[in-house]
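Here is the file run22.cif (mmCIF, C-alpha atoms (C1' of nucleotides)).
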```cif
data_entry
#
loop_
_atom_site.label_atom_id
_atom_site.label_comp_id
_atom_site.auth_asym_id
_atom_site.auth_seq_id
_atom_site.Cartn_x
_atom_site.Cartn_y
_atom_site.Cartn_z
CA MET A 576 135.57 -20.19 186.55
CA SER A 577 134.24 -18.50 183.44
CA THR A 578 132.33 -15.26 183.67
CA LYS A 579 129.32 -17.05 182.27
CA ASP A 580 129.38 -19.54 185.15
CA LYS A 581 129.87 -16.77 187.68
CA ILE A 582 126.80 -15.01 186.27
CA LEU A 583 124.77 -18.21 186.48
CA ASP A 584 125.90 -18.77 190.07
CA ALA A 585 125.02 -15.23 191.13
CA ALA A 586 121.65 -15.30 189.36
CA GLU A 587 120.78 -18.67 190.87
CA ASN A 588 121.61 -17.36 194.31
CA PHE A 589 119.44 -14.26 193.85
CA ILE A 590 116.49 -16.27 192.54
CA ARG A 591 116.70 -18.81 195.33
CA THR A 592 116.89 -16.24 198.11
CA GLN A 593 114.78 -13.32 196.86
CA GLY A 594 112.87 -14.49 193.81
CA PHE A 595 113.15 -13.81 190.09
CA ASN A 596 111.54 -10.36 190.20
CA SER A 597 113.61 -8.79 192.94
CA PHE A 598 117.07 -8.68 191.41
CA SER A 599 118.47 -6.79 188.46
CA PHE A 600 121.26 -7.23 185.94
CA ARG A 601 123.16 -4.64 187.95
CA ASP A 602 122.79 -6.78 191.08
CA VAL A 603 124.24 -9.77 189.27
CA ALA A 604 127.04 -7.69 187.79
CA ALA A 605 127.94 -6.11 191.13
CA ALA A 606 127.99 -9.50 192.85
CA ILE A 607 130.80 -10.70 190.60
CA GLY A 608 132.59 -7.40 189.97
CA ILE A 609 131.63 -6.63 186.39
CA LYS A 610 129.24 -4.21 184.66
CA SER A 611 125.65 -4.95 183.70
CA ALA A 612 126.39 -4.55 179.98
CA SER A 613 128.74 -7.53 180.28
CA VAL A 614 125.92 -9.62 181.71
CA HIS A 615 123.78 -8.70 178.72
CA TYR A 616 126.60 -9.85 176.45
CA HIS A 617 126.31 -13.39 177.87
CA PHE A 618 122.53 -13.38 178.36
CA PRO A 619 120.71 -10.83 176.18
CA THR A 620 117.48 -10.78 178.21
CA LYS A 621 116.48 -11.65 181.75
CA ASP A 622 114.39 -14.51 180.40
CA ASP A 623 117.47 -15.92 178.66
CA LEU A 624 119.29 -15.81 181.98
CA GLY A 625 116.37 -17.39 183.84
CA GLU A 626 116.10 -20.19 181.32
CA ALA A 627 119.84 -20.94 181.43
CA VAL A 628 119.87 -20.96 185.25
CA THR A 629 116.89 -23.29 185.36
CA ASP A 630 118.21 -25.73 182.77
CA ARG A 631 121.59 -25.90 184.50
CA TYR A 632 119.91 -26.39 187.88
CA SER A 633 117.75 -29.25 186.61
CA ALA A 634 120.72 -30.98 185.05
CA ASN A 635 122.78 -30.59 188.24
CA ILE A 636 120.01 -32.06 190.40
CA LEU A 637 119.50 -35.03 188.11
CA ALA A 638 123.27 -35.64 187.96
CA SER A 639 123.45 -35.49 191.74
CA LEU A 640 120.62 -38.03 192.02
CA GLU A 641 122.41 -40.29 189.58
CA ALA A 642 125.60 -40.03 191.62
CA GLU A 643 124.25 -40.41 195.16
CA GLY A 644 120.97 -42.19 194.54
CA ALA A 645 121.68 -44.52 191.62
CA GLU A 646 119.29 -47.40 191.03
CA SER A 647 121.72 -49.91 192.47
CA THR A 648 121.80 -48.17 195.87
CA ALA A 649 119.68 -49.21 198.84
CA PRO A 650 116.20 -47.60 199.02
CA ALA A 651 116.85 -45.68 202.24
CA ILE A 652 120.03 -44.18 200.77
CA ARG A 653 118.21 -43.17 197.61
CA VAL A 654 115.46 -41.44 199.58
CA ASP A 655 118.04 -39.68 201.75
CA ALA A 656 119.84 -38.49 198.62
CA PHE A 657 116.58 -37.05 197.33
CA ILE A 658 115.68 -35.31 200.58
CA GLY A 659 119.30 -34.24 201.07
CA ILE A 660 119.16 -32.09 197.94
CA TYR A 661 116.42 -29.98 199.49
CA ARG A 662 117.97 -29.94 202.94
CA GLY A 663 121.41 -28.93 201.64
CA ALA A 664 120.35 -25.61 200.17
CA LEU A 665 118.41 -24.65 203.26
CA LYS A 666 121.20 -25.56 205.65
CA ASP A 667 124.10 -24.11 203.69
CA ALA A 668 122.59 -20.88 202.43
CA ARG A 669 118.97 -20.63 203.58
CA GLN A 670 117.91 -21.05 199.97
CA MET A 671 114.72 -22.27 198.35
CA CYS A 672 114.74 -24.88 195.64
CA LEU A 673 115.21 -22.78 192.49
CA CYS A 674 112.11 -24.27 190.89
CA GLY A 675 110.05 -24.00 194.05
CA MET A 676 110.65 -20.26 193.95
CA LEU A 677 110.06 -19.99 190.21
CA GLY A 678 106.99 -22.21 190.54
CA ALA A 679 105.48 -19.80 193.06
CA GLU A 680 106.18 -16.88 190.72
CA ILE A 681 105.24 -18.89 187.63
CA GLU A 682 102.61 -16.46 186.31
CA SER A 683 105.16 -13.67 186.10
CA LEU A 684 107.67 -15.67 184.04
CA GLY A 685 108.20 -15.91 180.30
CA ASP A 686 107.23 -19.06 178.46
CA PRO A 687 110.73 -20.57 178.10
CA VAL A 688 111.37 -20.27 181.85
CA LYS A 689 107.91 -21.62 182.61
CA ALA A 690 108.59 -24.65 180.45
CA ALA A 691 111.96 -25.27 182.10
CA VAL A 692 110.37 -25.17 185.58
CA ARG A 693 107.69 -27.61 184.42
CA ARG A 694 110.33 -30.02 183.17
CA PHE A 695 112.03 -29.91 186.56
CA PHE A 696 108.89 -30.85 188.47
CA GLN A 697 108.05 -33.56 185.98
CA ALA A 698 111.55 -34.99 186.38
CA GLN A 699 111.30 -34.90 190.17
CA GLU A 700 107.95 -36.66 190.11
CA ASN A 701 109.24 -39.21 187.61
CA TRP A 702 112.35 -40.00 189.64
CA LEU A 703 110.39 -40.61 192.84
CA ALA A 704 107.57 -42.49 191.10
CA SER A 705 110.11 -44.72 189.38
CA PHE A 706 111.78 -45.34 192.74
CA LEU A 707 108.45 -46.26 194.31
CA ARG A 708 107.48 -48.59 191.47
CA LYS A 709 110.73 -50.42 192.07
CA THR A 710 110.41 -50.66 195.84
CA HIS A 711 106.65 -51.33 195.76
CA PRO A 712 106.01 -53.25 192.53
CA GLU A 713 102.62 -54.37 193.84
CA GLN A 714 101.30 -50.79 193.96
CA ASP A 715 99.36 -49.12 191.16
CA ASP A 716 101.25 -46.60 189.07
CA GLU A 717 98.74 -43.92 190.02
CA VAL A 718 99.44 -44.53 193.70
CA ALA A 719 103.17 -44.24 193.10
CA ARG A 720 102.59 -41.00 191.22
CA ALA A 721 100.38 -39.57 193.99
CA ARG A 722 102.94 -40.53 196.64
CA ALA A 723 105.74 -38.98 194.58
CA ARG A 724 103.82 -35.74 194.05
CA SER A 725 103.00 -35.52 197.73
CA ALA A 726 106.61 -35.92 198.75
CA VAL A 727 107.88 -33.25 196.36
CA ALA A 728 105.09 -30.87 197.39
CA ALA A 729 105.82 -31.37 201.09
CA LEU A 730 109.55 -30.73 200.56
CA GLN A 731 108.87 -27.50 198.68
CA GLY A 732 106.44 -26.33 201.33
CA ALA A 733 108.85 -27.31 204.08
CA LEU A 734 111.50 -25.02 202.60
CA ILE A 735 109.06 -22.11 202.51
CA MET A 736 107.97 -22.68 206.10
CA ALA A 737 111.44 -23.31 207.53
CA ARG A 738 112.79 -20.15 205.91
CA THR A 739 109.80 -18.06 206.95
CA MET A 740 109.86 -19.26 210.55
CA ASP A 741 113.67 -19.24 210.56
CA ASP A 742 113.49 -22.69 212.12
CA HIS A 743 115.19 -25.71 210.54
CA SER A 744 113.20 -28.05 212.74
CA VAL A 745 110.19 -27.37 210.53
CA PHE A 746 112.06 -28.87 207.62
CA GLU A 747 113.32 -31.80 209.68
CA ASP A 748 109.84 -32.58 211.00
CA VAL A 749 108.47 -32.72 207.49
CA ALA A 750 111.48 -34.56 206.07
CA ALA A 751 111.26 -37.28 208.72
CA ARG A 752 107.63 -37.96 207.85
CA ILE A 753 108.30 -37.97 204.11
CA ARG A 754 111.21 -40.37 204.62
CA THR A 755 109.10 -42.84 206.56
CA GLY A 756 106.28 -42.51 204.06
CA LEU A 757 108.54 -43.25 201.11
CA ILE A 758 110.43 -46.16 202.63
CA ARG A 759 107.61 -48.01 204.35
CA MET B 207 82.99 -1.33 198.68
CA SER B 208 85.40 1.30 199.93
CA THR B 209 88.42 2.28 197.87
CA LYS B 210 90.63 0.95 200.63
CA ASP B 211 89.03 -2.49 200.34
CA LYS B 212 89.28 -2.39 196.55
CA ILE B 213 92.99 -1.64 196.86
CA LEU B 214 93.46 -4.51 199.29
CA ASP B 215 91.57 -6.86 196.96
CA ALA B 216 93.63 -5.86 193.93
CA ALA B 217 96.93 -6.07 195.81
CA GLU B 218 96.04 -9.47 197.25
CA ASN B 219 95.22 -10.73 193.78
CA PHE B 220 98.52 -9.46 192.35
CA ILE B 221 100.56 -10.97 195.17
CA ARG B 222 98.82 -14.33 194.94
CA THR B 223 99.21 -14.64 191.19
CA GLN B 224 102.53 -12.92 190.43
CA GLY B 225 104.29 -12.30 193.72
CA PHE B 226 105.00 -9.20 195.80
CA ASN B 227 107.84 -7.90 193.63
CA SER B 228 106.13 -8.00 190.25
CA PHE B 229 103.38 -5.45 190.62
CA SER B 230 103.45 -1.70 191.15
CA PHE B 231 101.24 0.93 192.73
CA ARG B 232 100.26 1.87 189.19
CA ASP B 233 99.13 -1.71 188.52
CA VAL B 234 96.93 -1.65 191.60
CA ALA B 235 95.53 1.75 190.71
CA ALA B 236 94.78 0.76 187.11
CA ALA B 237 93.04 -2.43 188.25
CA ILE B 238 90.42 -0.44 190.15
CA GLY B 239 90.28 2.68 187.98
CA ILE B 240 92.11 5.23 190.13
CA LYS B 241 95.55 6.88 190.10
CA SER B 242 98.63 5.64 191.92
CA ALA B 243 98.79 8.75 194.12
CA SER B 244 95.42 7.74 195.56
CA VAL B 245 96.82 4.34 196.49
CA HIS B 246 99.66 6.07 198.33
CA TYR B 247 97.08 8.12 200.22
CA HIS B 248 95.63 4.93 201.73
CA PHE B 249 98.93 3.03 202.03
CA PRO B 250 101.98 5.30 202.13
CA THR B 251 104.52 2.61 201.26
CA LYS B 252 104.43 -0.76 199.56
CA ASP B 253 105.35 -2.40 202.86
CA ASP B 254 102.33 -0.77 204.50
CA LEU B 255 100.16 -2.24 201.76
CA GLY B 256 101.77 -5.66 202.08
CA GLU B 257 101.31 -5.70 205.82
CA ALA B 258 97.65 -4.70 205.59
CA VAL B 259 96.92 -7.32 202.93
CA THR B 260 98.60 -10.02 205.00
CA ASP B 261 96.87 -9.12 208.26
CA ARG B 262 93.47 -9.03 206.56
CA TYR B 263 94.17 -12.34 204.84
CA SER B 264 95.14 -14.04 208.09
CA ALA B 265 92.05 -12.76 209.85
CA ASN B 266 89.80 -13.89 206.98
CA ILE B 267 91.27 -17.39 206.97
CA LEU B 268 90.91 -17.78 210.72
CA ALA B 269 87.33 -16.50 210.57
CA SER B 270 86.55 -18.93 207.78
CA LEU B 271 87.97 -21.80 209.85
CA GLU B 272 85.89 -20.72 212.80
CA ALA B 273 82.77 -20.65 210.62
CA GLU B 274 83.18 -23.88 208.64
CA GLY B 275 85.48 -25.87 210.90
CA ALA B 276 84.43 -24.93 214.41
CA GLU B 277 85.47 -27.21 217.24
CA SER B 278 82.00 -28.69 217.53
CA THR B 279 82.05 -29.99 213.94
CA ALA B 280 82.97 -33.55 212.97
CA PRO B 281 86.72 -34.15 212.37
CA ALA B 282 86.35 -34.97 208.67
CA ILE B 283 84.38 -31.75 208.09
CA ARG B 284 87.01 -29.71 209.92
CA VAL B 285 89.82 -31.19 207.83
CA ASP B 286 87.85 -30.58 204.65
CA ALA B 287 87.29 -26.98 205.69
CA PHE B 288 91.03 -26.57 206.18
CA ILE B 289 91.97 -28.16 202.87
CA GLY B 290 89.10 -26.37 201.14
CA ILE B 291 90.66 -22.99 201.87
CA TYR B 292 93.70 -23.94 199.81
CA ARG B 293 91.71 -25.66 197.09
CA GLY B 294 89.31 -22.74 196.68
CA ALA B 295 91.90 -20.20 195.61
CA LEU B 296 93.46 -22.58 193.12
CA LYS B 297 90.17 -23.62 191.58
CA ASP B 298 88.52 -20.21 191.42
CA ALA B 299 91.44 -18.03 190.36
CA ARG B 300 94.57 -20.16 190.02
CA GLN B 301 95.98 -18.38 193.03
CA MET B 302 98.61 -19.29 195.58
CA CYS B 303 98.00 -18.95 199.29
CA LEU B 304 99.02 -15.33 199.94
CA CYS B 305 101.45 -16.39 202.64
CA GLY B 306 102.84 -19.27 200.62
CA MET B 307 103.87 -16.73 197.99
CA LEU B 308 105.19 -14.24 200.53
CA GLY B 309 106.94 -17.05 202.39
CA ALA B 310 108.83 -17.99 199.23
CA GLU B 311 109.84 -14.35 198.72
CA ILE B 312 110.40 -13.79 202.45
CA GLU B 313 113.99 -12.52 202.16
CA SER B 314 112.91 -9.68 199.91
CA LEU B 315 110.22 -8.39 202.28
CA GLY B 316 110.31 -5.73 204.97
CA ASP B 317 110.22 -6.72 208.63
CA PRO B 318 106.53 -5.93 209.29
CA VAL B 319 105.40 -8.07 206.33
CA LYS B 320 107.80 -10.83 207.36
CA ALA B 321 106.32 -10.85 210.85
CA ALA B 322 102.76 -10.97 209.51
CA VAL B 323 103.60 -13.97 207.31
CA ARG B 324 105.19 -15.72 210.28
CA ARG B 325 102.07 -15.19 212.34
CA PHE B 326 99.97 -16.77 209.59
CA PHE B 327 102.05 -19.95 209.48
CA GLN B 328 102.12 -20.17 213.24
CA ALA B 329 98.34 -19.85 213.33
CA GLN B 330 97.93 -22.52 210.65
CA GLU B 331 100.20 -24.91 212.52
CA ASN B 332 98.45 -24.15 215.80
CA TRP B 333 94.99 -24.73 214.36
CA LEU B 334 95.89 -28.11 212.90
CA ALA B 335 97.95 -29.20 215.92
CA SER B 336 95.08 -28.29 218.21
CA PHE B 337 92.73 -30.28 215.99
CA LEU B 338 95.04 -33.29 216.12
CA ARG B 339 95.44 -33.12 219.89
CA LYS B 340 91.68 -33.26 220.16
CA THR B 341 91.19 -36.16 217.74
CA HIS B 342 94.28 -38.05 218.93
CA PRO B 343 94.65 -37.21 222.63
CA GLU B 344 96.97 -40.18 223.09
CA GLN B 345 99.61 -38.70 220.76
CA ASP B 346 102.54 -36.57 221.91
CA ASP B 347 102.28 -32.84 221.30
CA GLU B 348 105.43 -32.97 219.23
CA VAL B 349 103.89 -35.58 216.96
CA ALA B 350 100.80 -33.45 216.51
CA ARG B 351 102.99 -30.47 215.68
CA ALA B 352 105.04 -32.44 213.16
CA ARG B 353 101.90 -33.79 211.52
CA ALA B 354 100.41 -30.29 211.38
CA ARG B 355 103.55 -28.80 209.85
CA SER B 356 103.72 -31.55 207.27
CA ALA B 357 100.14 -31.00 206.18
CA VAL B 358 100.55 -27.24 205.80
CA ALA B 359 103.83 -27.70 203.92
CA ALA B 360 102.30 -30.25 201.55
CA LEU B 361 99.35 -27.97 200.80
CA GLN B 362 101.63 -25.02 200.01
CA GLY B 363 103.80 -27.18 197.79
CA ALA B 364 100.75 -28.67 196.10
CA LEU B 365 99.60 -25.18 195.09
CA ILE B 366 103.00 -24.41 193.57
CA MET B 367 103.08 -27.68 191.65
CA ALA B 368 99.47 -27.61 190.46
CA ARG B 369 99.87 -24.05 189.17
CA THR B 370 103.21 -24.79 187.54
CA MET B 371 102.01 -27.95 185.84
CA ASP B 372 98.62 -26.38 185.14
CA ASP B 373 97.07 -29.57 186.46
CA HIS B 374 94.60 -29.56 189.34
CA SER B 375 95.00 -33.30 189.79
CA VAL B 376 98.38 -32.61 191.39
CA PHE B 377 96.60 -30.72 194.14
CA GLU B 378 93.90 -33.35 194.50
CA ASP B 379 96.44 -36.17 194.73
CA VAL B 380 98.25 -34.38 197.54
CA ALA B 381 95.05 -33.25 199.26
CA ALA B 382 93.65 -36.79 199.34
CA ARG B 383 96.76 -38.09 201.07
CA ILE B 384 96.82 -35.23 203.56
CA ARG B 385 93.14 -35.79 204.35
CA THR B 386 93.67 -39.48 205.06
CA GLY B 387 96.77 -38.72 207.10
CA LEU B 388 94.98 -36.18 209.27
CA ILE B 389 91.81 -38.17 209.88
CA ARG B 390 93.24 -41.65 210.44
"C1'" DG C 203 134.63 -9.73 176.32
"C1'" DT C 204 134.30 -5.78 178.92
"C1'" DC C 205 133.75 -1.20 179.22
"C1'" DT C 206 131.31 3.83 179.09
"C1'" DA C 207 127.43 6.06 177.90
"C1'" DT C 208 122.86 6.37 177.20
"C1'" DA C 209 118.10 5.49 175.66
"C1'" DA C 210 113.38 4.41 176.98
"C1'" DT C 211 110.51 2.98 180.49
"C1'" DT C 212 109.00 1.96 185.09
"C1'" DT C 213 109.25 2.39 189.92
"C1'" DG C 214 108.10 4.13 194.73
"C1'" DA C 215 106.98 8.20 196.50
"C1'" DT C 216 105.73 13.42 197.25
"C1'" DA C 217 103.70 18.32 196.59
"C1'" DG C 218 99.95 20.80 196.01
"C1'" DA C 219 95.42 22.00 193.47
"C1'" DC C 220 90.59 20.90 193.80
"C1'" DG D 626 89.98 11.60 198.80
"C1'" DT D 627 91.38 11.98 194.32
"C1'" DC D 628 93.65 14.24 191.01
"C1'" DT D 629 97.83 16.31 187.94
"C1'" DA D 630 102.39 16.88 187.83
"C1'" DT D 631 106.66 15.70 188.99
"C1'" DC D 632 110.88 13.74 191.08
"C1'" DA D 633 114.90 10.81 191.81
"C1'" DA D 634 116.23 6.40 191.29
"C1'" DA D 635 116.19 2.01 189.17
"C1'" DT D 636 115.16 -1.07 185.34
"C1'" DT D 637 115.94 -3.67 180.88
"C1'" DA D 638 118.38 -3.14 177.09
"C1'" DT D 639 121.48 -1.26 173.20
"C1'" DA D 640 125.43 1.27 170.61
"C1'" DG D 641 129.89 1.67 169.98
"C1'" DA D 642 134.86 2.36 171.78
"C1'" DC D 643 138.70 -0.42 173.29
#
```
Turn the structure described in the file into structure tokens.
Amino acid sequence: MSTKDKILDAAENFIRTQGFNSFSFRDVAAAIGIKSASVHYHFPTKDDLGEAVTDRYSANILASLEAEGAESTAPAIRVDAFIGIYRGALKDARQMCLCGMLGAEIESLGDPVKAAVRRFFQAQENWLASFLRKTHPEQDDEVARARARSAVAALQGALIMARTMDDHSVFEDVAARIRTGLIR
Amino acid sequence: MSTKDKILDAAENFIRTQGFNSFSFRDVAAAIGIKSASVHYHFPTKDDLGEAVTDRYSANILASLEAEGAESTAPAIRVDAFIGIYRGALKDARQMCLCGMLGAEIESLGDPVKAAVRRFFQAQENWLASFLRKTHPEQDDEVARARARSAVAALQGALIMARTMDDHSVFEDVAARIRTGLIR
DNA sequence: GTCTATAATTTGATAGAC
DNA sequence: GTCTATCAAATTATAGAC
């Protein structure tokens, strides 16, 4: 793996576990065995790094949804693919969604990072709303949008609560209700 | 107002808008027109300050619920009081729930602050679960708990999304669905 | 591309005068 | 209780050697 990718991996991990404002270039460098000046070579400023991490994250999530939850797949599978993205990070590494964390800290971020986080949430809402319009063609678009927003919000909040309480059952309780709500 | 209270107010505002790791003792001091050494006099360490802010916040929320959403009140009013606490901060000052922010950043916090945040979420879940057991005595306790957790999670996520998208309608869409879900 | 070295600033925290 | 002064460490970031 290239140094650039290693930097992105380390930075993503720091953001998702501790937040954007509680790690330094030295932390990233130390995590992958280089010096902080080398990190600056690849990403001049912390905002540059944050923007790159966020853009890559968004693209990865959308690609994963296209792979596991493509339009041809059955509705229940598509919903499980969506929820599974949130569950995976929690289970494997006790991580937040990158954009859930950045969204909480949004007021402390530079404009390019802010915009990248916004695009992520818009894409999430759009994916779920599009899914719902397909499975419930009789429903108003505004209802689909409200249902989509509610599901994304609940998943983000479930990650916060499950991590805080150190109890995965919080996430599973919420996920089960979202799943039913989206499929019914 | 005492200096101590002014410090708590300023710190709470910083945490709820920017997060715990993006403000300093100097920021707090400057916000209320004193010097950082005076802040240290009242709260020796940043963890001490964080713990005090969180404990005060929890107590205030519970008191507010007891005032506006007491057990004698009608169910719809009680639910509105609960949701109104989250809506208020967003509407008035574009703020997160203090413990939603700290919950996201939980891994970067000291143990006393962590514990205080946990107590808040437990209290929120307990309040709503107790409400649901009263309004739906026929339902299992585990169902009430799952419904309570889901509502709190959705509200926390709704604050993140509404702030990120700079669009209060995100919160209102989620809040309307939570309200219906809790009252039905 | 990665390093050493360093600048300029900020941070959490303390000592001691008033 | 609040201040000035200060510390040691950490932070973002850059210059220049290799």
Report the closest atom pair, with its distance in Å rounded to one decimal, for each residue of chain C that has an atom no farther than 10 Å from chain B; count only C-alpha atoms (C1' of nucleotides), sort by chain and then rising residue number, and write it as JSON lines.
```
{"residue": "C:DT212", "atom": "C1'", "partner": "B:Ser230", "partner_atom": "CA", "distance": 9.0}
{"residue": "C:DT213", "atom": "C1'", "partner": "B:Ser230", "partner_atom": "CA", "distance": 7.2}
{"residue": "C:DG214", "atom": "C1'", "partner": "B:Thr251", "partner_atom": "CA", "distance": 7.6}
{"residue": "C:DA215", "atom": "C1'", "partner": "B:Thr251", "partner_atom": "CA", "distance": 7.7}
{"residue": "C:DT216", "atom": "C1'", "partner": "B:Ala243", "partner_atom": "CA", "distance": 8.9}
```
With C-alpha atoms (C1' of nucleotides) retained, write the just-selected residues as a PDB file, in the coordinates of the input.
```
ATOM      1  C1'  DT C 212     109.000   1.960 185.090  1.00  0.00           C
ATOM      2  C1'  DT C 213     109.250   2.390 189.920  1.00  0.00           C
ATOM      3  C1'  DG C 214     108.100   4.130 194.730  1.00  0.00           C
ATOM      4  C1'  DA C 215     106.980   8.200 196.500  1.00  0.00           C
ATOM      5  C1'  DT C 216     105.730  13.420 197.250  1.00  0.00           C
TER       6       DT C 216
END
```
Near DT208 in chain C, within 12 Å and counting all atoms listed in the file, which residues show up once chain neighbours fewer than 4 positions away are dropped, as a PyMOL selection string?
(chain A and resi 612) or (chain D and resi 638-641)
Could you save those same residues with C-alpha atoms (C1' of nucleotides) as an mmCIF file, keeping the file's coordinate frame?
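The new file again-v1.cif reads:
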```
data_model
loop_
_atom_site.group_PDB
_atom_site.id
_atom_site.type_symbol
_atom_site.label_atom_id
_atom_site.label_comp_id
_atom_site.auth_asym_id
_atom_site.auth_seq_id
_atom_site.Cartn_x
_atom_site.Cartn_y
_atom_site.Cartn_z
ATOM 1 C CA ALA A 612 126.390 -4.550 179.980
ATOM 2 C "C1'" DA D 638 118.380 -3.140 177.090
ATOM 3 C "C1'" DT D 639 121.480 -1.260 173.200
ATOM 4 C "C1'" DA D 640 125.430 1.270 170.610
ATOM 5 C "C1'" DG D 641 129.890 1.670 169.980
#
```
Report as a PyMOL selection string the set of chain B residues whose atoms approach chain A to within 7 Å, with distances computed over all atoms listed in the file.
chain B and resi 223-225+227-228+307+309-314+324+352+355-356+359-360+362-364+366-367+370-371+376+379-380
Take the PyMOL selection byres ((chain A and resi 604) around 10), run it mentally on this structure, and tell me the resulting residues as number ranges by chain.
A: 581-582, 585-586, 599-603, 605-615
Starting from the shown file, work through the PyMOL selection byres ((chain D) within 12 of (chain B)) and note down what comes out as an NGL selection string.
:D and (626-631)
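Going from CA of Pro687 in chain A over to CA of Asp622 in chain A, you cover 7.4 Å.
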For range 339-351 of chain B, which lacks atoms in the input, supply N, CA and C atoms and format the output as a compact mmCIF listing (two decimals), keeping the file's coordinate frame.
```
# COMPACT_ATOMS: atom_id res chain seq x y z
N ARG B 339 95.39 -32.77 218.47
CA ARG B 339 95.44 -33.12 219.89
C ARG B 339 94.06 -33.50 220.40
N LYS B 340 93.04 -32.93 219.76
CA LYS B 340 91.68 -33.26 220.16
C LYS B 340 91.26 -34.64 219.61
N THR B 341 91.61 -34.90 218.34
CA THR B 341 91.19 -36.16 217.74
C THR B 341 92.10 -37.32 218.11
N HIS B 342 93.33 -37.01 218.52
CA HIS B 342 94.28 -38.05 218.93
C HIS B 342 94.93 -37.67 220.26
N PRO B 343 94.13 -37.66 221.32
CA PRO B 343 94.65 -37.21 222.63
C PRO B 343 95.80 -38.06 223.14
N GLU B 344 95.91 -39.30 222.61
CA GLU B 344 96.97 -40.18 223.09
C GLU B 344 98.33 -39.83 222.50
N GLN B 345 98.34 -39.01 221.44
CA GLN B 345 99.61 -38.70 220.76
C GLN B 345 100.37 -37.57 221.45
N ASP B 346 101.70 -37.64 221.36
CA ASP B 346 102.54 -36.57 221.91
C ASP B 346 102.25 -35.26 221.19
N ASP B 347 102.44 -34.16 221.91
CA ASP B 347 102.28 -32.84 221.30
C ASP B 347 103.25 -32.63 220.14
N GLU B 348 104.45 -33.17 220.30
CA GLU B 348 105.43 -32.97 219.23
C GLU B 348 105.02 -33.71 217.95
N VAL B 349 104.38 -34.85 218.13
CA VAL B 349 103.89 -35.58 216.96
C VAL B 349 102.78 -34.79 216.27
N ALA B 350 101.88 -34.26 217.08
CA ALA B 350 100.80 -33.45 216.51
C ALA B 350 101.38 -32.26 215.75
N ARG B 351 102.37 -31.64 216.34
CA ARG B 351 102.99 -30.47 215.68
C ARG B 351 103.64 -30.87 214.36
```
